[in-house]
$ cat final-v1.txt   # compact mmCIF, N, CA and C atoms
# COMPACT_ATOMS: atom_id res chain seq x y z
N MET A 1 60.24 56.49 109.56
CA MET A 1 61.35 55.63 109.88
C MET A 1 61.30 55.31 111.37
N PHE A 2 61.41 54.03 111.71
CA PHE A 2 61.49 53.60 113.09
C PHE A 2 62.96 53.56 113.50
N ALA A 3 63.23 53.78 114.78
CA ALA A 3 64.61 53.75 115.27
C ALA A 3 64.66 53.17 116.67
N LEU A 4 65.75 52.50 116.94
CA LEU A 4 66.06 51.98 118.27
C LEU A 4 67.50 52.37 118.56
N THR A 5 67.76 52.89 119.75
CA THR A 5 69.12 53.31 120.12
C THR A 5 69.59 52.53 121.34
N VAL A 6 70.85 52.08 121.28
CA VAL A 6 71.51 51.49 122.44
C VAL A 6 72.72 52.36 122.79
N ARG A 7 73.12 52.31 124.05
CA ARG A 7 74.18 53.20 124.55
C ARG A 7 75.21 52.40 125.35
N ASP A 8 76.45 52.82 125.24
CA ASP A 8 77.55 52.26 126.02
C ASP A 8 78.55 53.39 126.21
N HIS A 9 79.71 53.08 126.73
CA HIS A 9 80.75 54.10 126.86
C HIS A 9 82.10 53.53 126.49
N LEU A 10 83.05 54.42 126.27
CA LEU A 10 84.37 54.07 125.77
C LEU A 10 85.39 55.00 126.40
N MET A 11 86.45 54.44 126.98
CA MET A 11 87.52 55.24 127.57
C MET A 11 88.80 54.98 126.77
N ILE A 12 89.40 56.05 126.24
CA ILE A 12 90.57 55.91 125.38
C ILE A 12 91.63 56.95 125.72
N ALA A 13 92.82 56.73 125.18
CA ALA A 13 93.87 57.74 125.15
C ALA A 13 94.28 57.90 123.69
N HIS A 14 94.75 59.07 123.32
CA HIS A 14 95.24 59.30 121.96
C HIS A 14 95.92 60.66 121.90
N SER A 15 96.57 60.91 120.76
CA SER A 15 97.17 62.21 120.49
C SER A 15 96.87 62.54 119.03
N PHE A 16 97.03 63.78 118.68
CA PHE A 16 96.73 64.23 117.32
C PHE A 16 97.98 64.81 116.67
N THR A 17 97.99 64.77 115.35
CA THR A 17 99.05 65.39 114.56
C THR A 17 98.47 66.60 113.85
N GLY A 18 99.11 67.75 114.02
CA GLY A 18 98.67 68.96 113.34
C GLY A 18 98.54 70.13 114.29
N GLU A 19 99.01 71.26 113.84
CA GLU A 19 99.00 72.49 114.64
C GLU A 19 97.60 72.86 115.13
N VAL A 20 96.58 72.57 114.32
CA VAL A 20 95.22 72.94 114.66
C VAL A 20 94.77 72.34 116.00
N PHE A 21 95.42 71.26 116.42
CA PHE A 21 95.01 70.56 117.64
C PHE A 21 95.65 71.13 118.90
N GLY A 22 96.58 72.07 118.78
CA GLY A 22 97.17 72.71 119.95
C GLY A 22 97.67 71.69 120.96
N PRO A 23 97.27 71.85 122.24
CA PRO A 23 97.77 70.95 123.27
C PRO A 23 97.29 69.50 123.12
N ALA A 24 96.26 69.26 122.31
CA ALA A 24 95.78 67.90 122.10
C ALA A 24 96.74 67.09 121.22
N GLN A 25 97.83 67.73 120.74
CA GLN A 25 98.87 66.98 120.04
C GLN A 25 99.59 66.05 121.00
N LYS A 26 99.52 66.37 122.28
CA LYS A 26 100.13 65.51 123.30
C LYS A 26 99.13 64.44 123.70
N LEU A 27 99.64 63.36 124.26
CA LEU A 27 98.79 62.26 124.71
C LEU A 27 97.78 62.77 125.74
N HIS A 28 96.52 62.44 125.54
CA HIS A 28 95.46 62.83 126.47
C HIS A 28 94.36 61.77 126.42
N GLY A 29 93.44 61.85 127.36
CA GLY A 29 92.38 60.85 127.44
C GLY A 29 91.02 61.43 127.12
N ALA A 30 90.09 60.53 126.81
CA ALA A 30 88.71 60.93 126.56
C ALA A 30 87.80 59.78 126.99
N THR A 31 86.65 60.15 127.49
CA THR A 31 85.60 59.18 127.79
C THR A 31 84.40 59.57 126.94
N TYR A 32 83.98 58.66 126.09
CA TYR A 32 82.85 58.91 125.20
C TYR A 32 81.63 58.12 125.67
N VAL A 33 80.47 58.74 125.60
CA VAL A 33 79.21 58.01 125.64
C VAL A 33 78.88 57.73 124.18
N VAL A 34 78.62 56.46 123.87
CA VAL A 34 78.42 56.04 122.48
C VAL A 34 76.97 55.61 122.30
N ASP A 35 76.27 56.26 121.37
CA ASP A 35 74.91 55.90 121.01
C ASP A 35 74.91 55.34 119.60
N VAL A 36 74.25 54.20 119.42
CA VAL A 36 74.06 53.65 118.08
C VAL A 36 72.57 53.53 117.84
N GLU A 37 72.11 54.25 116.82
CA GLU A 37 70.68 54.24 116.44
C GLU A 37 70.52 53.36 115.21
N PHE A 38 69.66 52.36 115.32
CA PHE A 38 69.34 51.46 114.22
C PHE A 38 68.01 51.89 113.62
N GLN A 39 67.93 51.93 112.30
CA GLN A 39 66.75 52.45 111.62
C GLN A 39 66.18 51.42 110.65
N CYS A 40 64.84 51.36 110.58
CA CYS A 40 64.17 50.54 109.58
C CYS A 40 62.82 51.17 109.25
N ARG A 41 62.31 50.82 108.09
CA ARG A 41 61.05 51.41 107.62
C ARG A 41 59.83 50.74 108.23
N GLU A 42 59.95 49.43 108.52
CA GLU A 42 58.82 48.68 109.07
C GLU A 42 59.28 47.84 110.25
N LEU A 43 58.47 47.75 111.27
CA LEU A 43 58.76 46.88 112.41
C LEU A 43 58.56 45.43 112.01
N ASP A 44 59.24 44.52 112.72
CA ASP A 44 59.04 43.09 112.44
C ASP A 44 57.71 42.64 113.02
N ALA A 45 57.41 41.35 112.89
CA ALA A 45 56.13 40.80 113.34
C ALA A 45 55.92 40.96 114.84
N ASP A 46 57.02 41.11 115.59
CA ASP A 46 56.92 41.31 117.04
C ASP A 46 56.90 42.77 117.44
N GLY A 47 56.93 43.67 116.47
CA GLY A 47 56.91 45.10 116.76
C GLY A 47 58.27 45.68 117.09
N LEU A 48 59.34 45.04 116.62
CA LEU A 48 60.70 45.46 116.95
C LEU A 48 61.44 46.02 115.74
N VAL A 49 62.35 46.95 116.01
CA VAL A 49 63.34 47.36 115.01
C VAL A 49 64.40 46.26 114.95
N VAL A 50 64.99 45.96 116.10
CA VAL A 50 65.99 44.91 116.26
C VAL A 50 66.02 44.55 117.75
N ASP A 51 66.49 43.38 118.08
CA ASP A 51 66.56 42.94 119.48
C ASP A 51 67.55 43.82 120.26
N ILE A 52 67.08 44.46 121.33
CA ILE A 52 67.91 45.36 122.13
C ILE A 52 69.11 44.63 122.72
N GLY A 53 68.88 43.43 123.23
CA GLY A 53 69.97 42.67 123.84
C GLY A 53 71.08 42.36 122.86
N LEU A 54 70.72 41.91 121.66
CA LEU A 54 71.73 41.61 120.64
C LEU A 54 72.44 42.87 120.18
N ALA A 55 71.70 43.96 120.06
CA ALA A 55 72.31 45.24 119.66
C ALA A 55 73.31 45.71 120.71
N SER A 56 72.94 45.60 121.98
CA SER A 56 73.84 46.00 123.07
C SER A 56 75.08 45.12 123.10
N GLN A 57 74.92 43.82 122.90
CA GLN A 57 76.07 42.91 122.89
C GLN A 57 77.01 43.23 121.73
N ALA A 58 76.46 43.51 120.56
CA ALA A 58 77.28 43.84 119.40
C ALA A 58 78.07 45.12 119.65
N LEU A 59 77.43 46.13 120.22
CA LEU A 59 78.13 47.39 120.51
C LEU A 59 79.25 47.15 121.51
N SER A 60 78.97 46.39 122.55
CA SER A 60 79.99 46.09 123.55
C SER A 60 81.18 45.37 122.92
N LYS A 61 80.90 44.43 122.04
CA LYS A 61 81.95 43.69 121.33
C LYS A 61 82.81 44.63 120.49
N VAL A 62 82.19 45.54 119.77
CA VAL A 62 82.93 46.50 118.94
C VAL A 62 83.80 47.39 119.81
N LEU A 63 83.25 47.89 120.91
CA LEU A 63 84.00 48.83 121.74
C LEU A 63 85.18 48.18 122.45
N GLU A 64 85.14 46.86 122.67
CA GLU A 64 86.26 46.16 123.30
C GLU A 64 87.56 46.38 122.54
N THR A 65 87.48 46.56 121.24
CA THR A 65 88.67 46.77 120.40
C THR A 65 89.41 48.05 120.80
N TYR A 66 88.69 49.04 121.30
CA TYR A 66 89.25 50.36 121.54
C TYR A 66 89.26 50.77 123.03
N ASN A 67 88.42 50.14 123.83
CA ASN A 67 88.24 50.55 125.23
C ASN A 67 89.53 50.34 126.04
N TYR A 68 89.89 51.34 126.82
CA TYR A 68 91.08 51.33 127.67
C TYR A 68 92.36 51.16 126.86
N LYS A 69 92.35 51.64 125.63
CA LYS A 69 93.53 51.54 124.77
C LYS A 69 94.02 52.93 124.40
N ASN A 70 95.31 52.98 124.07
CA ASN A 70 95.87 54.16 123.44
C ASN A 70 95.64 53.97 121.94
N LEU A 71 94.76 54.75 121.35
CA LEU A 71 94.39 54.58 119.95
C LEU A 71 95.58 54.79 119.01
N ASP A 72 96.60 55.50 119.49
CA ASP A 72 97.82 55.68 118.69
C ASP A 72 98.51 54.34 118.44
N GLU A 73 98.22 53.34 119.28
CA GLU A 73 98.87 52.04 119.19
C GLU A 73 97.98 50.95 118.58
N VAL A 74 96.76 51.29 118.18
CA VAL A 74 95.86 50.32 117.55
C VAL A 74 96.19 50.27 116.07
N GLN A 75 96.62 49.11 115.60
CA GLN A 75 97.15 48.97 114.24
C GLN A 75 96.14 49.43 113.17
N SER A 76 94.88 49.09 113.34
CA SER A 76 93.89 49.46 112.31
C SER A 76 93.67 50.97 112.21
N LEU A 77 94.12 51.73 113.20
CA LEU A 77 93.96 53.18 113.20
C LEU A 77 95.26 53.91 112.89
N SER A 78 96.28 53.15 112.57
CA SER A 78 97.61 53.72 112.34
C SER A 78 97.58 54.81 111.26
N GLY A 79 98.22 55.94 111.59
CA GLY A 79 98.36 57.02 110.62
C GLY A 79 97.17 57.96 110.53
N MET A 80 96.15 57.77 111.36
CA MET A 80 95.00 58.68 111.28
C MET A 80 94.82 59.42 112.60
N ASN A 81 94.32 60.64 112.49
CA ASN A 81 93.91 61.38 113.68
C ASN A 81 92.57 60.80 114.14
N THR A 82 92.56 60.24 115.32
CA THR A 82 91.35 59.58 115.83
C THR A 82 90.43 60.60 116.50
N THR A 83 90.01 61.57 115.70
CA THR A 83 89.07 62.58 116.19
C THR A 83 87.73 61.92 116.54
N THR A 84 86.91 62.62 117.24
CA THR A 84 85.59 62.11 117.58
C THR A 84 84.80 61.79 116.32
N GLU A 85 84.90 62.67 115.32
CA GLU A 85 84.20 62.45 114.06
C GLU A 85 84.68 61.16 113.38
N ARG A 86 86.00 60.98 113.32
CA ARG A 86 86.56 59.80 112.67
C ARG A 86 86.18 58.53 113.43
N MET A 87 86.21 58.58 114.76
CA MET A 87 85.88 57.39 115.54
C MET A 87 84.40 57.03 115.41
N ALA A 88 83.53 58.01 115.19
CA ALA A 88 82.12 57.71 114.92
C ALA A 88 82.00 56.86 113.66
N LYS A 89 82.78 57.20 112.63
CA LYS A 89 82.76 56.43 111.37
C LYS A 89 83.39 55.05 111.56
N VAL A 90 84.48 54.97 112.31
CA VAL A 90 85.13 53.68 112.57
C VAL A 90 84.15 52.74 113.27
N ILE A 91 83.46 53.24 114.29
CA ILE A 91 82.51 52.41 115.02
C ILE A 91 81.32 52.06 114.13
N PHE A 92 80.87 53.00 113.30
CA PHE A 92 79.81 52.70 112.33
C PHE A 92 80.21 51.52 111.45
N ASP A 93 81.42 51.57 110.89
CA ASP A 93 81.88 50.50 110.01
C ASP A 93 81.97 49.16 110.74
N ASP A 94 82.47 49.20 111.97
CA ASP A 94 82.57 47.97 112.76
C ASP A 94 81.18 47.40 113.08
N MET A 95 80.24 48.28 113.40
CA MET A 95 78.87 47.83 113.68
C MET A 95 78.22 47.28 112.41
N ALA A 96 78.47 47.91 111.28
CA ALA A 96 77.94 47.40 110.01
C ALA A 96 78.47 46.00 109.75
N GLY A 97 79.72 45.75 110.11
CA GLY A 97 80.29 44.42 109.99
C GLY A 97 79.60 43.41 110.87
N CYS A 98 79.25 43.83 112.08
CA CYS A 98 78.50 42.95 113.00
C CYS A 98 77.13 42.61 112.42
N ILE A 99 76.48 43.60 111.86
CA ILE A 99 75.16 43.38 111.25
C ILE A 99 75.29 42.38 110.10
N ALA A 100 76.29 42.58 109.24
CA ALA A 100 76.50 41.69 108.09
C ALA A 100 76.84 40.27 108.54
N SER A 101 77.48 40.14 109.70
CA SER A 101 77.85 38.82 110.22
C SER A 101 76.71 38.11 110.94
N GLY A 102 75.59 38.79 111.10
CA GLY A 102 74.43 38.18 111.75
C GLY A 102 74.37 38.37 113.25
N ASP A 103 75.23 39.23 113.80
CA ASP A 103 75.27 39.43 115.25
C ASP A 103 73.99 40.06 115.82
N LEU A 104 73.18 40.70 114.98
CA LEU A 104 71.94 41.30 115.45
C LEU A 104 70.73 40.41 115.17
N GLY A 105 70.99 39.17 114.79
CA GLY A 105 69.91 38.22 114.56
C GLY A 105 69.11 38.52 113.32
N PRO A 106 67.89 38.00 113.26
CA PRO A 106 67.07 38.14 112.05
C PRO A 106 66.67 39.58 111.74
N GLY A 107 66.75 40.49 112.72
CA GLY A 107 66.40 41.88 112.46
C GLY A 107 67.47 42.64 111.72
N GLY A 108 68.71 42.17 111.77
CA GLY A 108 69.83 42.88 111.15
C GLY A 108 69.66 43.16 109.67
N PRO A 109 69.30 42.15 108.87
CA PRO A 109 69.18 42.38 107.42
C PRO A 109 68.07 43.36 107.04
N ARG A 110 67.13 43.61 107.93
CA ARG A 110 66.02 44.53 107.64
C ARG A 110 66.41 45.99 107.86
N LEU A 111 67.53 46.24 108.55
CA LEU A 111 67.92 47.61 108.87
C LEU A 111 68.30 48.38 107.62
N SER A 112 67.79 49.59 107.51
CA SER A 112 68.08 50.42 106.34
C SER A 112 69.09 51.52 106.63
N GLY A 113 69.31 51.84 107.90
CA GLY A 113 70.25 52.90 108.24
C GLY A 113 70.72 52.78 109.67
N MET A 114 71.79 53.51 109.96
CA MET A 114 72.35 53.51 111.31
C MET A 114 73.03 54.85 111.54
N LYS A 115 73.01 55.29 112.79
CA LYS A 115 73.70 56.52 113.18
C LYS A 115 74.50 56.23 114.44
N VAL A 116 75.78 56.60 114.42
CA VAL A 116 76.65 56.43 115.57
C VAL A 116 77.04 57.81 116.07
N SER A 117 76.78 58.07 117.35
CA SER A 117 77.14 59.36 117.96
C SER A 117 78.09 59.11 119.13
N LEU A 118 79.17 59.87 119.18
CA LEU A 118 80.11 59.85 120.29
C LEU A 118 80.01 61.18 121.02
N HIS A 119 79.61 61.11 122.27
CA HIS A 119 79.45 62.31 123.10
C HIS A 119 80.71 62.51 123.91
N GLU A 120 81.43 63.61 123.65
CA GLU A 120 82.62 63.94 124.43
C GLU A 120 82.24 64.55 125.77
N SER A 121 81.11 65.22 125.79
CA SER A 121 80.62 65.86 127.00
C SER A 121 79.13 66.11 126.81
N HIS A 122 78.52 66.76 127.79
CA HIS A 122 77.10 67.07 127.68
C HIS A 122 76.83 68.22 126.69
N ILE A 123 77.90 68.85 126.19
CA ILE A 123 77.71 69.97 125.26
C ILE A 123 78.36 69.76 123.90
N ALA A 124 79.07 68.64 123.70
CA ALA A 124 79.75 68.44 122.41
C ALA A 124 79.77 66.96 122.03
N TRP A 125 79.38 66.67 120.78
CA TRP A 125 79.43 65.31 120.27
C TRP A 125 79.52 65.35 118.76
N ALA A 126 79.87 64.19 118.19
CA ALA A 126 79.97 64.06 116.74
C ALA A 126 79.27 62.76 116.34
N SER A 127 78.80 62.71 115.09
CA SER A 127 78.05 61.55 114.60
C SER A 127 78.46 61.20 113.19
N PHE A 128 78.19 59.94 112.85
CA PHE A 128 78.24 59.50 111.46
C PHE A 128 76.96 58.70 111.21
N GLU A 129 76.27 59.03 110.13
CA GLU A 129 75.03 58.36 109.78
C GLU A 129 75.10 57.88 108.34
N GLY A 130 74.63 56.67 108.10
CA GLY A 130 74.67 56.16 106.74
C GLY A 130 73.64 55.08 106.49
N ALA A 131 73.50 54.74 105.23
CA ALA A 131 72.56 53.70 104.82
C ALA A 131 73.21 52.32 105.02
N LEU A 132 72.34 51.34 105.20
CA LEU A 132 72.75 49.94 105.27
C LEU A 132 72.09 49.20 104.12
N PRO A 133 72.64 48.04 103.75
CA PRO A 133 72.09 47.32 102.60
C PRO A 133 70.64 46.88 102.75
N GLY A 134 70.15 46.76 104.00
CA GLY A 134 68.75 46.34 104.22
C GLY A 134 67.79 47.38 103.70
N GLY A 135 66.59 47.28 104.10
CA GLY A 135 65.66 48.30 103.63
C GLY A 135 64.23 47.99 103.89
N ALA A 136 63.99 47.02 104.79
CA ALA A 136 62.60 46.69 105.11
C ALA A 136 61.94 47.82 105.84

$ encode --input "final-v1.txt" --output "structure tokens"
Amino acid sequence: MFALTVRDHLMIAHSFTGEVFGPAQKLHGATYVVDVEFQCRELDADGLVVDIGLASQALSKVLETYNYKNLDEVQSLSGMNTTTERMAKVIFDDMAGCIASGDLGPGGPRLSGMKVSLHESHIAWASFEGALPGGA
């Protein structure tokens, strides 16, 4: 499997519901380094998984929805604990939507998988990985 990863960052505020979260039940901030790995079985005729520039633009577009926001106030996230794990899945779904919309150009439909990792620090991160409809 071939893979290409692009990276960006995301600054948010949020709070959690549930005793397990202790002091994180109160409003607090987080800065995530976000990695999105695009996977395909075969490179295109130019030797690419997908265009890096288009992949970076799509990630930036997705992160705009959440960057510098209090996630407790984002309507699409209403009622959920926006844990690092959950936000990895949310960003995965948003990126999958970008791929389906053609934002990654002709390489998008060939992608067979994707992995989104949110790094809370240099020692802790969470990921969501899944298949995509492509499969070249």

$ residues_around --input "final-v1.txt" --residues "A:His14" --least-positions-apart "6" --cutoff "5 Å" --atoms "all atoms listed in the file" --output "VMD selection string"
chain A and resid 27 to 28 71 to 72

$ write_last_selection --input "final-v1.txt" --atoms "N, CA and C atoms" --output "PDB file, keeping the file's coordinate frame"
ATOM      1  N   LEU A  27      99.640  63.360 124.260  1.00  0.00           N
ATOM      2  CA  LEU A  27      98.790  62.260 124.710  1.00  0.00           C
ATOM      3  C   LEU A  27      97.780  62.770 125.740  1.00  0.00           C
ATOM      4  N   HIS A  28      96.520  62.440 125.540  1.00  0.00           N
ATOM      5  CA  HIS A  28      95.460  62.830 126.470  1.00  0.00           C
ATOM      6  C   HIS A  28      94.360  61.770 126.420  1.00  0.00           C
ATOM      7  N   LEU A  71      94.760  54.750 121.350  1.00  0.00           N
ATOM      8  CA  LEU A  71      94.390  54.580 119.950  1.00  0.00           C
ATOM      9  C   LEU A  71      95.580  54.790 119.010  1.00  0.00           C
ATOM     10  N   ASP A  72      96.600  55.500 119.490  1.00  0.00           N
ATOM     11  CA  ASP A  72      97.820  55.680 118.690  1.00  0.00           C
ATOM     12  C   ASP A  72      98.510  54.340 118.440  1.00  0.00           C
TER      13      ASP A  72
END

$ residues_around --input "final-v1.txt" --residues "A:Leu104" --least-positions-apart "6" --cutoff "6.5 Å" --atoms "all atoms listed in the file" --output "PyMOL selection string"
chain A and resi 51+54-55+98

$ closest_residue --input "final-v1.txt" --among "A:Ser76, A:Ser112, A:Ser56, A:Thr82" --to "A:Glu42" --atoms "all atoms listed in the file"
A:Ser112

$ closest_residue --input "final-v1.txt" --among "A:Asp8, A:Glu19, A:Asp103, A:Glu129" --to "A:Lys115" --atoms "all atoms listed in the file"
A:Glu129

$ closest_residue --input "final-v1.txt" --among "A:Ile99, A:Ala24, A:Leu10, A:Leu111" --to "A:Arg41" --atoms "all atoms listed in the file"
A:Leu111

$ closest_residue --input "final-v1.txt" --among "A:Leu4, A:Leu132, A:Leu63, A:Met11" --to "A:Ala96" --atoms "all atoms listed in the file"
A:Leu132

$ residues_around --input "final-v1.txt" --residues "A:Pro109" --least-positions-apart "4" --cutoff "10 Å" --atoms "only C-alpha atoms" --output "list in words"
Cys40, Val50, Ile99, Ala100, Ser101, Gly102, Leu104, Gly105, Leu132, Pro133, Gly134, Gly135 and Ala136 of chain A

$ atom_distance --input "final-v1.txt" --atom1 "atom CA of A:Asp44" --atom2 "atom CA of A:Gly113"
15.5 Å

$ select_by_dssp --input "final-v1.txt" --residues "stretch 5-55 of chain A" --states "strand (DSSP E or B)" --output "list of chain:residue names"
A:Thr5, A:Val6, A:Arg7, A:Asp8, A:His9, A:Leu10, A:Met11, A:Ile12, A:Ala13, A:His14, A:His28, A:Gly29, A:Ala30, A:Thr31, A:Tyr32, A:Val33, A:Val34, A:Asp35, A:Val36, A:Glu37, A:Phe38, A:Gln39, A:Cys40

$ closest_residue --input "final-v1.txt" --among "A:Ile91, A:Leu118, A:Val6, A:Ala13" --to "A:Gly53" --atoms "only C-alpha atoms"
A:Val6

$ atom_distance --input "final-v1.txt" --atom1 "atom C of A:Asp46" --atom2 "atom N of A:Phe92"
26.4 Å

$ atom_distance --input "final-v1.txt" --atom1 "atom CA of A:Ala3" --atom2 "atom C of A:Glu37"
5.9 Å

$ select_by_dssp --input "final-v1.txt" --residues "chain A" --states "alpha helix (DSSP H)" --output "PyMOL selection string"
chain A and resi 52-64+84-100

$ residues_around --input "final-v1.txt" --residues "A:Tyr68" --least-positions-apart "2" --cutoff "5 Å" --atoms "all atoms listed in the file" --output "list in words"
Met11, Ile12, Tyr66 and Asn70 of chain A

$ residues_around --input "final-v1.txt" --residues "A:Arg7" --least-positions-apart "4" --cutoff "7 Å" --atoms "only C-alpha atoms" --output "VMD selection string"
chain A and resid 34 to 36

$ closest_residue --input "final-v1.txt" --among "A:Phe2, A:Phe128, A:Phe38, A:Phe16" --to "A:Val90" --atoms "all atoms listed in the file"
A:Phe128

$ decode --input "final-v1.txt" --residues "stretch 38-50 of chain A" --atoms "C-alpha atoms" --output "JSON list (two decimals), in the first residue's frame"
[["chain", "number", "residue", "atom", "x", "y", "z"],
["A", 38, "PHE", "CA", -4.08, 8.91, 2.01],
["A", 39, "GLN", "CA", -3.64, 5.31, 0.84],
["A", 40, "CYS", "CA", -3.83, 3.58, -2.54],
["A", 41, "ARG", "CA", -2.66, 0.28, -3.97],
["A", 42, "GLU", "CA", -1.10, 1.69, -7.16],
["A", 43, "LEU", "CA", 0.49, 5.03, -8.00],
["A", 44, "ASP", "CA", -0.94, 7.06, -10.87],
["A", 45, "ALA", "CA", 0.87, 7.54, -14.19],
["A", 46, "ASP", "CA", 2.89, 10.39, -12.64],
["A", 47, "GLY", "CA", 3.98, 8.29, -9.66],
["A", 48, "LEU", "CA", 1.62, 9.97, -7.18],
["A", 49, "VAL", "CA", -0.82, 8.80, -4.53],
["A", 50, "VAL", "CA", -2.64, 12.14, -4.75]]
